[in-house]
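Notes follow once the structure below has been shown.
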Amino acid sequence: MKLVKYFLIFVTCCILLGAVSIFCLYKYIDQQLPDVAVLKDIRLQTPMLVYSAEGELIAQYGEKRRIPLSLGQIPQQFIQAVIATEDSRFYKHHGIDPIGILRALFVVLSSGYASQGASTITQQLARNFFLNRERSIIRKIKEIFLALRIERFLTKDEILELYLNKIYFGYRAYGVGAAAEVYFGKKVSQLTLAEMAMIAGLPKAPSIFNPLYSYHRAMSRRNVVLARMLEVNYITQKQYKQARDEPIIANYHAPQVEFSAPYLSEMVRQEMIKRFGENAYTDGYRGASDVLWKAGEVAWGYEQIMDWLGALPVYGSLLPAVVTQVNEKDATVLLSDGNYVILSMEGVRWARPFKSDTLQGKIPKQVSDVVHFGQQIWVRKVNNSWWLAQVPAVNSALVSINPNDGAISALVGGFDFNHSKFNRVTQSLRQVGSNIKPFLYAAILDKGFTLSSIFNELPISRWDAGAGVEWRPKNSPPTYRGAIRLRQGLGQSKNVVMVRIIRSIGVDYAADYLQRFGFPAQNIVRTESLALGSPSFTPLQLVRGYSVLVNGGYLVEPYFISKISDNTGNLLFVAQPKIAGECFNPPIFEEKIKSSAVIFNENRMTSEINQINHLPARGAAPIELLATKGNKKEKKQKYAPQVISRQLSFLMRDVLNSNIFGESGWMGTGWRAIGDLKRNDIGGKTGTTNNSKDAWFSGYGPDIVTSVWIGFDDHSRSLGSSSVAGVIENQISGVEGGAKSAQGAWNDFMKVALAGIPEKKTIPPEGIVSVMIDKQTGKLSKGGSGSRVEYFIEGTQPTVYAAREVVTKVETKLAVDDDQVEELF
């Protein structure tokens, strides 16, 4: 009996000592444990998703892919697969499972290895959220204490939901929602039992048991999960057999982006990082891209070629290929997908050898003149045939915004984002050429001139003493008609007229006036070359300026993020753009810009212009921003500053229309839009810089303004022209410029952007009058073939009728007789 008594005392002491030790250990570790209460309001890290205005996914950023789901959104069978595999007594224990620990220990002792884990789902959750994966006794003890705490703070369903959304499943997939998408391209609710079992078996070793790495190990692990589900009666024998016999068909599935807009997506990414930090998350043929083997060398084998092609990118429709056979009539090329295709003479005929920006070689007569055996080239499919292609050296940009609020509706920053991440819409400063002319026309109209004012279209010559050269701005083409109206001067982009306009209003006044449209002062030159577009602006700055010309005169601010929400749908940000007030006709008040330089320049130029032209000065006062002030019901709506009057904006919108449609007797430089768009409510302006280094077209349609730029990133190169070497070397057969190059892209885009949108007639605002004028003199007319209706800001319309010349016919009669007549002949 004494032995039993001592034994009981010993056991009691051990228990008490163990309890005290555990308590002391808990107190020691307690200070190091994090507060598990944060799990009540935990926000799982999710990727940043960028959606279009139509709700389509256009980009996804972030190292982790996760699709947070509520427990109710996850199929019960999936939950059972996880519980059966990871913690079959999950709903019976309180964070740690003594029975599970003993069972796992027994398996180790009996088999010699650990086939079952002792950690509960709660312990795994504690480890994933609060601890590292260090293998130590202290870490395991912390895990146990944290699990006990978590069980006190959260319900079993809350723990399970967090676990299923937190756990890692391989290939950057976190949570069951992302795992289903990554491996099977499905939603969790669409998975079969076999697929659920495969995913449920991944957390033990995602890098080993996934089917993309090892199919046989994945099958084996899946079958273990199915067996555990059968053992705990979650599935029947029939379900088990059916799922076990099902093959695994898994592939890596990238995020399903609806369409690619990488330049705009990158702008969004950078803006999100700025807001939230890192947590947000054609010319002549230049020849083959590479030569893999030359004539006389051993040709590469199929596998070697495929390895080479597999490392090359794909640029949109341009595919890398290698020439494997070639003759006079065609060439056989191998694509990166393993298919062989044929290049015929039709597909290579365009490829005249590139010699310079203004010179090309002769048109090829046979395929072997262009491509050769062993060359790596680029090809593209045109209808049902394959054509030779090349990655262009020239680049382009397009940006389109809503002029009423500045919302960016389309943006292309270059040929291909993978080829160059340089965003030419926002980062590229390029000379704008004649695209600047509408803004300078607005400046002179604001001085009291009208669209019927007459300017002299004759050559200009001026000696530049500083440069020691003679400056001779010329029209393009270099033809001159004498006196023409301002409307025709802009419609046909007459350079000498523009220079005379600058001389009339003064360079400083014009330079200051440009700032109204949001153009940076540091980019505006103060010389007469300003008239011909020597300043450099980005396409985004330019399209913003054109919006002012057509939206009633309001300087809107371009924006590209309409709203930001977290993964629970809570709105973190909603755009509140300042809108063009014309749409709502609010009251207007004046807000003056404090700029002594502007005031001095304008007052000085006002005096000069009055002395020269004897016209009323409409811009005599300091520059004023006409901001809008809503009534009480609209006090939350903010309006963009009004920088030119509605009347002036209407005139500019109307004269830009003439740049496309012209009028009787002449065509506008943008005439190509007539046949392409087949609508009358459009307008725009071409632009080409010296030597065709930059080509522009900017224009509008109903509720849209778009600018297009084409050129080389290398400023020393020009779009130039093409001519045939050795034939007519000096003959220019195709000059590139705004009308020929950039407008084609503008037309194609606007045709799609305006599809289904009815024509919108612009109604003249109050303060605009229309009268019949004589097109030759710009004065009043009583009608006739030489007349047209012209718009004027009230008070500037002509008051004098054009004088009609009376022609006197003079006849001379010879007083001679018949004999004298005979002598004359």
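Letters for chains follow the order of the structure tokens (A, B, ...), residue numbers begin at 1 for each chain, and ligand numbers begin at 1 in the order shown.
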
Surrounding residues of A:Glu557 excluding itself and chain neighbours under 6 positions, 8 Å, only C-alpha atoms, as a list in words: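 That gives Asp405, Gly406, Arg544, Pro577, Lys578 and Ala640 of chain A.
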
Selection export as a compact mmCIF listing (two decimals), in the first residue's frame, atoms kept: all heavy atoms:
# COMPACT_ATOMS: atom_id res chain seq x y z
N ASP A 405 -15.44 65.88 -68.83
CA ASP A 405 -14.94 65.70 -67.47
C ASP A 405 -13.48 65.24 -67.42
O ASP A 405 -12.91 65.11 -66.34
CB ASP A 405 -15.81 64.71 -66.69
CG ASP A 405 -15.80 63.31 -67.27
OD1 ASP A 405 -15.12 63.09 -68.30
OD2 ASP A 405 -16.49 62.43 -66.71
N GLY A 406 -12.86 64.97 -68.56
CA GLY A 406 -11.46 64.58 -68.59
C GLY A 406 -11.20 63.10 -68.46
O GLY A 406 -10.04 62.68 -68.39
N ARG A 544 -5.74 67.44 -73.90
CA ARG A 544 -6.42 68.27 -72.90
C ARG A 544 -6.70 69.66 -73.46
O ARG A 544 -7.79 70.21 -73.26
CB ARG A 544 -5.55 68.37 -71.64
CG ARG A 544 -6.19 69.15 -70.51
CD ARG A 544 -5.16 69.48 -69.44
NE ARG A 544 -5.78 70.04 -68.25
CZ ARG A 544 -5.11 70.70 -67.31
NH1 ARG A 544 -3.80 70.85 -67.41
NH2 ARG A 544 -5.74 71.20 -66.27
N PRO A 577 -14.45 64.40 -60.65
CA PRO A 577 -13.81 65.33 -61.59
C PRO A 577 -14.57 66.63 -61.70
O PRO A 577 -15.80 66.67 -61.57
CB PRO A 577 -13.84 64.56 -62.92
CG PRO A 577 -15.04 63.66 -62.79
CD PRO A 577 -15.07 63.25 -61.36
N LYS A 578 -13.82 67.69 -61.95
CA LYS A 578 -14.45 68.98 -62.25
C LYS A 578 -14.92 68.92 -63.70
O LYS A 578 -14.16 68.58 -64.60
CB LYS A 578 -13.45 70.11 -62.06
CG LYS A 578 -12.99 70.30 -60.62
CD LYS A 578 -12.00 71.45 -60.50
CE LYS A 578 -11.56 71.64 -59.05
NZ LYS A 578 -10.60 72.77 -58.91
N ALA A 640 -14.91 72.80 -63.76
CA ALA A 640 -13.57 73.14 -64.24
C ALA A 640 -13.50 74.63 -64.53
O ALA A 640 -14.50 75.27 -64.87
CB ALA A 640 -13.24 72.33 -65.49

DSSP helix (DSSP H, G or I) residues within stretch 295-512 of chain A, listed as a PyMOL selection string: chain A and resi 302-310+345-348+367-369+424-427+433-445+486-491+495-505+507-512

Non-local contacts of A:Ile305 (10 Å; only C-alpha atoms; under 4 positions in same chain excluded) as an NGL selection string: :A and (292 or 299-301 or 309-310 or 321-322 or 324 or 334-336 or 338 or 374 or 376)

Residues just named, written with N, CA, C and O atoms as a short mmCIF file (atom, residue, chain, number, x, y, z; two decimals), in the first residue's frame:
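Output contents, as saved in again-v4.cif:
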data_model
loop_
_atom_site.label_atom_id
_atom_site.label_comp_id
_atom_site.auth_asym_id
_atom_site.auth_seq_id
_atom_site.Cartn_x
_atom_site.Cartn_y
_atom_site.Cartn_z
N LEU A 292 20.61 32.32 -87.71
CA LEU A 292 20.93 31.18 -86.85
C LEU A 292 22.03 30.31 -87.45
O LEU A 292 22.84 29.75 -86.73
N ALA A 299 22.63 22.97 -90.75
CA ALA A 299 21.35 23.56 -90.34
C ALA A 299 20.96 23.09 -88.95
O ALA A 299 21.28 21.96 -88.54
N TRP A 300 20.31 23.96 -88.21
CA TRP A 300 19.83 23.60 -86.88
C TRP A 300 18.74 22.54 -86.98
O TRP A 300 17.96 22.51 -87.95
N GLY A 301 18.63 21.72 -85.96
CA GLY A 301 17.56 20.74 -85.88
C GLY A 301 16.28 21.36 -85.34
O GLY A 301 16.26 22.48 -84.83
N LEU A 309 13.10 29.80 -80.61
CA LEU A 309 11.84 30.55 -80.80
C LEU A 309 11.07 30.69 -79.50
O LEU A 309 10.42 31.70 -79.26
N GLY A 310 11.16 29.66 -78.65
CA GLY A 310 10.42 29.70 -77.39
C GLY A 310 10.88 30.80 -76.45
O GLY A 310 10.13 31.23 -75.57
N ALA A 321 9.70 33.51 -86.31
CA ALA A 321 9.76 32.33 -87.16
C ALA A 321 11.18 32.17 -87.69
O ALA A 321 11.98 33.11 -87.66
N VAL A 322 11.50 30.97 -88.17
CA VAL A 322 12.81 30.68 -88.74
C VAL A 322 12.60 30.10 -90.13
O VAL A 322 11.77 29.21 -90.34
N THR A 324 13.26 27.75 -93.01
CA THR A 324 13.87 26.41 -93.14
C THR A 324 14.06 26.00 -94.59
O THR A 324 14.88 25.12 -94.88
N LEU A 334 9.26 28.02 -89.90
CA LEU A 334 8.78 27.31 -88.71
C LEU A 334 8.40 28.32 -87.64
O LEU A 334 9.19 29.19 -87.28
N LEU A 335 7.16 28.20 -87.11
CA LEU A 335 6.67 29.09 -86.07
C LEU A 335 6.98 28.54 -84.69
O LEU A 335 7.29 27.35 -84.53
N SER A 336 6.85 29.37 -83.68
CA SER A 336 7.16 28.96 -82.32
C SER A 336 6.17 27.94 -81.77
O SER A 336 6.45 27.30 -80.76
N GLY A 338 5.36 25.32 -83.45
CA GLY A 338 5.73 24.06 -84.08
C GLY A 338 5.15 23.84 -85.46
O GLY A 338 5.43 22.82 -86.09
N GLY A 374 17.92 29.83 -92.79
CA GLY A 374 18.55 30.00 -91.49
C GLY A 374 18.29 31.32 -90.81
O GLY A 374 18.78 31.55 -89.71
N GLN A 376 16.19 34.17 -88.74
CA GLN A 376 15.05 34.36 -87.85
C GLN A 376 14.34 35.63 -88.26
O GLN A 376 14.94 36.71 -88.31
#

Selection: 7 Å around stretch 680-693 of chain A, only C-alpha atoms, excl. self and same-chain fewer than 6 positions, as number ranges by chain: A: 431-435, 656-657, 659-660, 669-670, 699-702, 711, 717-720, 736-739, 759-761

Store the residues picked out above, limited to N, CA, C and O atoms, as a JSON list (two decimals), in the first residue's frame.
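Full text of selection-v6.json as output:
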[["chain", "number", "residue", "atom", "x", "y", "z"],
["A", 431, "GLN", "N", 7.70, 67.95, -80.56],
["A", 431, "GLN", "CA", 7.22, 69.16, -81.22],
["A", 431, "GLN", "C", 5.87, 68.87, -81.86],
["A", 431, "GLN", "O", 5.66, 67.82, -82.46],
["A", 432, "VAL", "N", 4.95, 69.83, -81.73],
["A", 432, "VAL", "CA", 3.56, 69.57, -82.14],
["A", 432, "VAL", "C", 3.24, 70.06, -83.54],
["A", 432, "VAL", "O", 2.18, 69.75, -84.08],
["A", 433, "GLY", "N", 4.13, 70.83, -84.16],
["A", 433, "GLY", "CA", 3.86, 71.28, -85.52],
["A", 433, "GLY", "C", 2.56, 72.06, -85.62],
["A", 433, "GLY", "O", 2.18, 72.83, -84.73],
["A", 434, "SER", "N", 1.84, 71.83, -86.71],
["A", 434, "SER", "CA", 0.61, 72.59, -86.97],
["A", 434, "SER", "C", -0.52, 72.26, -86.01],
["A", 434, "SER", "O", -1.57, 72.91, -86.04],
["A", 435, "ASN", "N", -0.33, 71.25, -85.15],
["A", 435, "ASN", "CA", -1.36, 70.97, -84.15],
["A", 435, "ASN", "C", -1.52, 72.12, -83.16],
["A", 435, "ASN", "O", -2.48, 72.18, -82.41],
["A", 656, "LEU", "N", -12.55, 73.93, -86.84],
["A", 656, "LEU", "CA", -11.91, 72.62, -86.90],
["A", 656, "LEU", "C", -12.70, 71.67, -87.80],
["A", 656, "LEU", "O", -12.13, 70.78, -88.42],
["A", 657, "ASN", "N", -13.99, 71.88, -87.86],
["A", 657, "ASN", "CA", -14.82, 71.11, -88.78],
["A", 657, "ASN", "C", -14.44, 71.42, -90.22],
["A", 657, "ASN", "O", -14.41, 70.54, -91.09],
["A", 659, "ASN", "N", -11.51, 72.13, -91.24],
["A", 659, "ASN", "CA", -10.24, 71.49, -91.55],
["A", 659, "ASN", "C", -10.45, 70.11, -92.15],
["A", 659, "ASN", "O", -9.57, 69.59, -92.84],
["A", 660, "ILE", "N", -11.61, 69.53, -91.93],
["A", 660, "ILE", "CA", -11.95, 68.25, -92.54],
["A", 660, "ILE", "C", -12.79, 68.45, -93.80],
["A", 660, "ILE", "O", -12.48, 67.91, -94.86],
["A", 669, "THR", "N", -7.18, 69.98, -94.83],
["A", 669, "THR", "CA", -6.09, 69.00, -94.81],
["A", 669, "THR", "C", -6.51, 67.66, -94.20],
["A", 669, "THR", "O", -5.84, 66.65, -94.41],
["A", 670, "GLY", "N", -7.61, 67.64, -93.45],
["A", 670, "GLY", "CA", -8.08, 66.39, -92.85],
["A", 670, "GLY", "C", -9.19, 65.73, -93.63],
["A", 670, "GLY", "O", -9.98, 64.96, -93.06],
["A", 699, "GLY", "N", -8.40, 65.63, -82.94],
["A", 699, "GLY", "CA", -9.74, 66.03, -83.35],
["A", 699, "GLY", "C", -10.81, 65.52, -82.41],
["A", 699, "GLY", "O", -10.53, 64.83, -81.43],
["A", 700, "TYR", "N", -12.04, 65.87, -82.74],
["A", 700, "TYR", "CA", -13.16, 65.59, -81.84],
["A", 700, "TYR", "C", -14.32, 64.92, -82.57],
["A", 700, "TYR", "O", -14.43, 64.93, -83.79],
["A", 701, "GLY", "N", -15.18, 64.32, -81.77],
["A", 701, "GLY", "CA", -16.49, 63.83, -82.17],
["A", 701, "GLY", "C", -17.41, 64.09, -80.99],
["A", 701, "GLY", "O", -17.02, 64.74, -80.02],
["A", 702, "PRO", "N", -18.63, 63.59, -81.02],
["A", 702, "PRO", "CA", -19.54, 63.81, -79.88],
["A", 702, "PRO", "C", -18.97, 63.24, -78.58],
["A", 702, "PRO", "O", -18.74, 62.03, -78.47],
["A", 711, "GLY", "N", 6.03, 58.79, -84.78],
["A", 711, "GLY", "CA", 7.40, 59.24, -84.97],
["A", 711, "GLY", "C", 8.39, 58.25, -84.40],
["A", 711, "GLY", "O", 8.01, 57.20, -83.88],
["A", 717, "ARG", "N", 15.85, 60.94, -86.21],
["A", 717, "ARG", "CA", 15.27, 60.27, -87.38],
["A", 717, "ARG", "C", 13.96, 60.92, -87.78],
["A", 717, "ARG", "O", 13.23, 61.48, -86.95],
["A", 718, "SER", "N", 13.64, 60.83, -89.08],
["A", 718, "SER", "CA", 12.39, 61.41, -89.58],
["A", 718, "SER", "C", 11.57, 60.33, -90.26],
["A", 718, "SER", "O", 12.10, 59.32, -90.72],
["A", 719, "LEU", "N", 10.25, 60.57, -90.29],
["A", 719, "LEU", "CA", 9.38, 59.66, -91.02],
["A", 719, "LEU", "C", 9.69, 59.73, -92.51],
["A", 719, "LEU", "O", 9.56, 58.76, -93.24],
["A", 720, "GLY", "N", 10.09, 60.92, -92.94],
["A", 720, "GLY", "CA", 10.63, 61.12, -94.29],
["A", 720, "GLY", "C", 9.67, 60.75, -95.39],
["A", 720, "GLY", "O", 8.47, 60.98, -95.34],
["A", 736, "GLU", "N", 5.54, 61.35, -95.66],
["A", 736, "GLU", "CA", 4.79, 61.04, -94.45],
["A", 736, "GLU", "C", 4.46, 62.33, -93.71],
["A", 736, "GLU", "O", 5.24, 63.28, -93.73],
["A", 737, "GLY", "N", 3.32, 62.35, -93.04],
["A", 737, "GLY", "CA", 2.92, 63.53, -92.28],
["A", 737, "GLY", "C", 1.65, 63.26, -91.52],
["A", 737, "GLY", "O", 1.13, 62.14, -91.49],
["A", 738, "GLY", "N", 1.12, 64.33, -90.89],
["A", 738, "GLY", "CA", -0.07, 64.16, -90.07],
["A", 738, "GLY", "C", -1.26, 63.63, -90.83],
["A", 738, "GLY", "O", -1.97, 62.73, -90.37],
["A", 739, "ALA", "N", -1.50, 64.16, -92.04],
["A", 739, "ALA", "CA", -2.68, 63.75, -92.81],
["A", 739, "ALA", "C", -2.55, 62.32, -93.32],
["A", 739, "ALA", "O", -3.52, 61.57, -93.34],
["A", 759, "GLU", "N", -25.41, 61.30, -84.84],
["A", 759, "GLU", "CA", -24.78, 62.61, -85.05],
["A", 759, "GLU", "C", -25.37, 63.63, -84.09],
["A", 759, "GLU", "O", -26.56, 63.60, -83.77],
["A", 760, "LYS", "N", -24.51, 64.52, -83.64],
["A", 760, "LYS", "CA", -24.91, 65.52, -82.66],
["A", 760, "LYS", "C", -24.66, 66.91, -83.23],
["A", 760, "LYS", "O", -23.52, 67.27, -83.51],
["A", 761, "LYS", "N", -25.70, 67.66, -83.41],
["A", 761, "LYS", "CA", -25.58, 69.00, -83.97],
["A", 761, "LYS", "C", -25.20, 69.98, -82.88],
["A", 761, "LYS", "O", -25.77, 69.99, -81.79]]

Point-to-point distance from atom CA of A:Ile454 to atom CA of A:Asp774, Å rounded to tenths: 11.4 Å

Closest atom pairs, residues of stretch 348-446 of chain A within 12 Å of stretch 490-509 of chain A, only C-alpha atoms, as JSON lines:
{"residue": "A:Gly433", "atom": "CA", "partner": "A:Asn495", "partner_atom": "CA", "distance": 10.2}
{"residue": "A:Ser434", "atom": "CA", "partner": "A:Ser493", "partner_atom": "CA", "distance": 7.0}
{"residue": "A:Asn435", "atom": "CA", "partner": "A:Ser493", "partner_atom": "CA", "distance": 9.4}
{"residue": "A:Ile436", "atom": "CA", "partner": "A:Met498", "partner_atom": "CA", "distance": 10.2}
{"residue": "A:Lys437", "atom": "CA", "partner": "A:Leu490", "partner_atom": "CA", "distance": 7.2}
{"residue": "A:Pro438", "atom": "CA", "partner": "A:Leu490", "partner_atom": "CA", "distance": 7.4}
{"residue": "A:Phe439", "atom": "CA", "partner": "A:Leu490", "partner_atom": "CA", "distance": 10.8}
{"residue": "A:Leu440", "atom": "CA", "partner": "A:Ile502", "partner_atom": "CA", "distance": 7.8}
{"residue": "A:Tyr441", "atom": "CA", "partner": "A:Leu490", "partner_atom": "CA", "distance": 7.9}
{"residue": "A:Ala442", "atom": "CA", "partner": "A:Ile501", "partner_atom": "CA", "distance": 10.9}
{"residue": "A:Ala443", "atom": "CA", "partner": "A:Ile505", "partner_atom": "CA", "distance": 8.1}
{"residue": "A:Ile444", "atom": "CA", "partner": "A:Ile505", "partner_atom": "CA", "distance": 6.5}
{"residue": "A:Leu445", "atom": "CA", "partner": "A:Ile505", "partner_atom": "CA", "distance": 10.1}
{"residue": "A:Asp446", "atom": "CA", "partner": "A:Ile505", "partner_atom": "CA", "distance": 10.2}

For the residues in that selection, give me all heavy atoms as a short mmCIF file (atom, residue, chain, number, x, y, z; two decimals), in the first residue's frame.
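Saved as out_34.cif:
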data_model
loop_
_atom_site.label_atom_id
_atom_site.label_comp_id
_atom_site.auth_asym_id
_atom_site.auth_seq_id
_atom_site.Cartn_x
_atom_site.Cartn_y
_atom_site.Cartn_z
N GLY A 433 4.13 70.83 -84.16
CA GLY A 433 3.86 71.28 -85.52
C GLY A 433 2.56 72.06 -85.62
O GLY A 433 2.18 72.83 -84.73
N SER A 434 1.84 71.83 -86.71
CA SER A 434 0.61 72.59 -86.97
C SER A 434 -0.52 72.26 -86.01
O SER A 434 -1.57 72.91 -86.04
CB SER A 434 0.14 72.35 -88.41
OG SER A 434 1.06 72.92 -89.32
N ASN A 435 -0.33 71.25 -85.15
CA ASN A 435 -1.36 70.97 -84.15
C ASN A 435 -1.52 72.12 -83.16
O ASN A 435 -2.48 72.18 -82.41
CB ASN A 435 -1.02 69.68 -83.40
CG ASN A 435 -2.02 68.57 -83.62
OD1 ASN A 435 -2.25 67.73 -82.76
ND2 ASN A 435 -2.66 68.57 -84.77
N ILE A 436 -0.55 73.06 -83.16
CA ILE A 436 -0.63 74.20 -82.24
C ILE A 436 -1.50 75.32 -82.80
O ILE A 436 -1.95 76.20 -82.06
CB ILE A 436 0.79 74.74 -81.94
CG1 ILE A 436 0.80 75.51 -80.61
CG2 ILE A 436 1.30 75.64 -83.07
CD1 ILE A 436 2.18 75.91 -80.16
N LYS A 437 -1.75 75.31 -84.11
CA LYS A 437 -2.40 76.45 -84.75
C LYS A 437 -3.78 76.79 -84.20
O LYS A 437 -4.11 77.98 -84.05
CB LYS A 437 -2.46 76.22 -86.26
CG LYS A 437 -1.10 76.29 -86.94
CD LYS A 437 -1.18 76.03 -88.43
CE LYS A 437 0.20 76.08 -89.08
NZ LYS A 437 0.16 75.76 -90.52
N PRO A 438 -4.65 75.80 -83.89
CA PRO A 438 -5.96 76.18 -83.36
C PRO A 438 -5.89 77.03 -82.09
O PRO A 438 -6.72 77.93 -81.89
CB PRO A 438 -6.63 74.82 -83.08
CG PRO A 438 -5.99 73.90 -84.07
CD PRO A 438 -4.56 74.35 -84.15
N PHE A 439 -4.91 76.79 -81.24
CA PHE A 439 -4.79 77.57 -80.01
C PHE A 439 -4.37 79.01 -80.30
O PHE A 439 -4.82 79.95 -79.63
CB PHE A 439 -3.79 76.89 -79.07
CG PHE A 439 -4.10 75.44 -78.81
CD1 PHE A 439 -3.33 74.45 -79.39
CD2 PHE A 439 -5.17 75.08 -78.01
CE1 PHE A 439 -3.61 73.11 -79.18
CE2 PHE A 439 -5.47 73.75 -77.79
CZ PHE A 439 -4.69 72.76 -78.38
N LEU A 440 -3.53 79.18 -81.29
CA LEU A 440 -3.11 80.52 -81.67
C LEU A 440 -4.23 81.25 -82.42
O LEU A 440 -4.35 82.47 -82.34
CB LEU A 440 -1.84 80.45 -82.53
CG LEU A 440 -0.65 79.79 -81.82
CD1 LEU A 440 0.54 79.69 -82.77
CD2 LEU A 440 -0.25 80.58 -80.58
N TYR A 441 -5.06 80.50 -83.14
CA TYR A 441 -6.24 81.10 -83.77
C TYR A 441 -7.19 81.59 -82.70
O TYR A 441 -7.81 82.67 -82.84
CB TYR A 441 -6.94 80.08 -84.67
CG TYR A 441 -6.52 80.19 -86.12
CD1 TYR A 441 -5.26 79.77 -86.53
CD2 TYR A 441 -7.37 80.71 -87.08
CE1 TYR A 441 -4.86 79.86 -87.85
CE2 TYR A 441 -6.99 80.81 -88.41
CZ TYR A 441 -5.73 80.39 -88.78
OH TYR A 441 -5.34 80.50 -90.10
N ALA A 442 -7.34 80.81 -81.63
CA ALA A 442 -8.20 81.26 -80.53
C ALA A 442 -7.68 82.56 -79.95
O ALA A 442 -8.44 83.45 -79.60
CB ALA A 442 -8.27 80.18 -79.45
N ALA A 443 -6.36 82.67 -79.87
CA ALA A 443 -5.75 83.88 -79.32
C ALA A 443 -6.08 85.10 -80.17
O ALA A 443 -6.42 86.17 -79.65
CB ALA A 443 -4.23 83.70 -79.21
N ILE A 444 -6.00 84.98 -81.50
CA ILE A 444 -6.25 86.15 -82.35
C ILE A 444 -7.74 86.46 -82.43
O ILE A 444 -8.15 87.62 -82.50
CB ILE A 444 -5.65 85.96 -83.76
CG1 ILE A 444 -5.65 87.31 -84.48
CG2 ILE A 444 -6.41 84.90 -84.56
CD1 ILE A 444 -4.85 87.30 -85.78
N LEU A 445 -8.60 85.41 -82.36
CA LEU A 445 -10.04 85.67 -82.34
C LEU A 445 -10.44 86.38 -81.05
O LEU A 445 -11.35 87.21 -81.03
CB LEU A 445 -10.83 84.37 -82.49
CG LEU A 445 -10.71 83.66 -83.84
CD1 LEU A 445 -11.55 82.39 -83.84
CD2 LEU A 445 -11.17 84.57 -84.99
N ASP A 446 -9.74 86.07 -79.98
CA ASP A 446 -10.02 86.73 -78.71
C ASP A 446 -9.55 88.18 -78.72
O ASP A 446 -9.90 88.96 -77.83
CB ASP A 446 -9.33 85.97 -77.57
CG ASP A 446 -10.11 86.06 -76.27
OD1 ASP A 446 -11.22 86.61 -76.27
OD2 ASP A 446 -9.60 85.57 -75.25
#

Kindly assemble as a tab-separated table a list of the stretch 247-362 of chain A residues that lie within 9 Å of stretch 175-193 of chain A, each paired with its nearest atom pair and their distance in Å to one decimal, using only C-alpha atoms, sorted first by chain and then by ascending residue number.
residue	atom	partner	partner_atom	distance
A:Ile249	CA	A:Phe184	CA	7.6
A:Ala250	CA	A:Tyr183	CA	5.4
A:Asn251	CA	A:Tyr183	CA	5.5
A:Tyr252	CA	A:Tyr183	CA	5.4
A:His253	CA	A:Val182	CA	4.8
A:Ala254	CA	A:Val182	CA	6.7
A:Pro255	CA	A:Val182	CA	8.0
A:Gln256	CA	A:Gly185	CA	8.9

Just to be explicit: take each residue in the selection above, keep N, CA, C and O atoms, and write the result as a PDB file, in the first residue's frame.
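Output file selection-v7.pdb follows:
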ATOM      1  N   ILE A 249      -6.751  16.461 -65.151  1.00  0.00           N
ATOM      2  CA  ILE A 249      -6.441  17.290 -66.321  1.00  0.00           C
ATOM      3  C   ILE A 249      -6.218  18.710 -65.812  1.00  0.00           C
ATOM      4  O   ILE A 249      -7.149  19.497 -65.670  1.00  0.00           O
ATOM      5  N   ALA A 250      -4.984  19.004 -65.489  1.00  0.00           N
ATOM      6  CA  ALA A 250      -4.651  20.301 -64.900  1.00  0.00           C
ATOM      7  C   ALA A 250      -3.629  21.022 -65.765  1.00  0.00           C
ATOM      8  O   ALA A 250      -2.744  20.402 -66.356  1.00  0.00           O
ATOM      9  N   ASN A 251      -3.773  22.335 -65.852  1.00  0.00           N
ATOM     10  CA  ASN A 251      -2.831  23.206 -66.545  1.00  0.00           C
ATOM     11  C   ASN A 251      -2.731  24.511 -65.779  1.00  0.00           C
ATOM     12  O   ASN A 251      -3.637  24.850 -65.010  1.00  0.00           O
ATOM     13  N   TYR A 252      -1.640  25.221 -65.999  1.00  0.00           N
ATOM     14  CA  TYR A 252      -1.524  26.523 -65.353  1.00  0.00           C
ATOM     15  C   TYR A 252      -2.425  27.520 -66.080  1.00  0.00           C
ATOM     16  O   TYR A 252      -2.352  27.674 -67.299  1.00  0.00           O
ATOM     17  N   HIS A 253      -3.289  28.190 -65.327  1.00  0.00           N
ATOM     18  CA  HIS A 253      -4.209  29.178 -65.898  1.00  0.00           C
ATOM     19  C   HIS A 253      -3.857  30.565 -65.361  1.00  0.00           C
ATOM     20  O   HIS A 253      -3.972  30.821 -64.165  1.00  0.00           O
ATOM     21  N   ALA A 254      -3.390  31.418 -66.272  1.00  0.00           N
ATOM     22  CA  ALA A 254      -3.076  32.797 -65.901  1.00  0.00           C
ATOM     23  C   ALA A 254      -4.375  33.558 -65.656  1.00  0.00           C
ATOM     24  O   ALA A 254      -5.449  33.109 -66.058  1.00  0.00           O
ATOM     25  N   PRO A 255      -4.319  34.716 -64.980  1.00  0.00           N
ATOM     26  CA  PRO A 255      -5.521  35.521 -64.776  1.00  0.00           C
ATOM     27  C   PRO A 255      -6.219  35.817 -66.105  1.00  0.00           C
ATOM     28  O   PRO A 255      -5.561  36.145 -67.093  1.00  0.00           O
ATOM     29  N   GLN A 256      -7.509  35.680 -66.136  1.00  0.00           N
ATOM     30  CA  GLN A 256      -8.270  35.862 -67.368  1.00  0.00           C
ATOM     31  C   GLN A 256      -8.504  37.338 -67.655  1.00  0.00           C
ATOM     32  O   GLN A 256      -9.533  37.911 -67.309  1.00  0.00           O
TER      33      GLN A 256
END
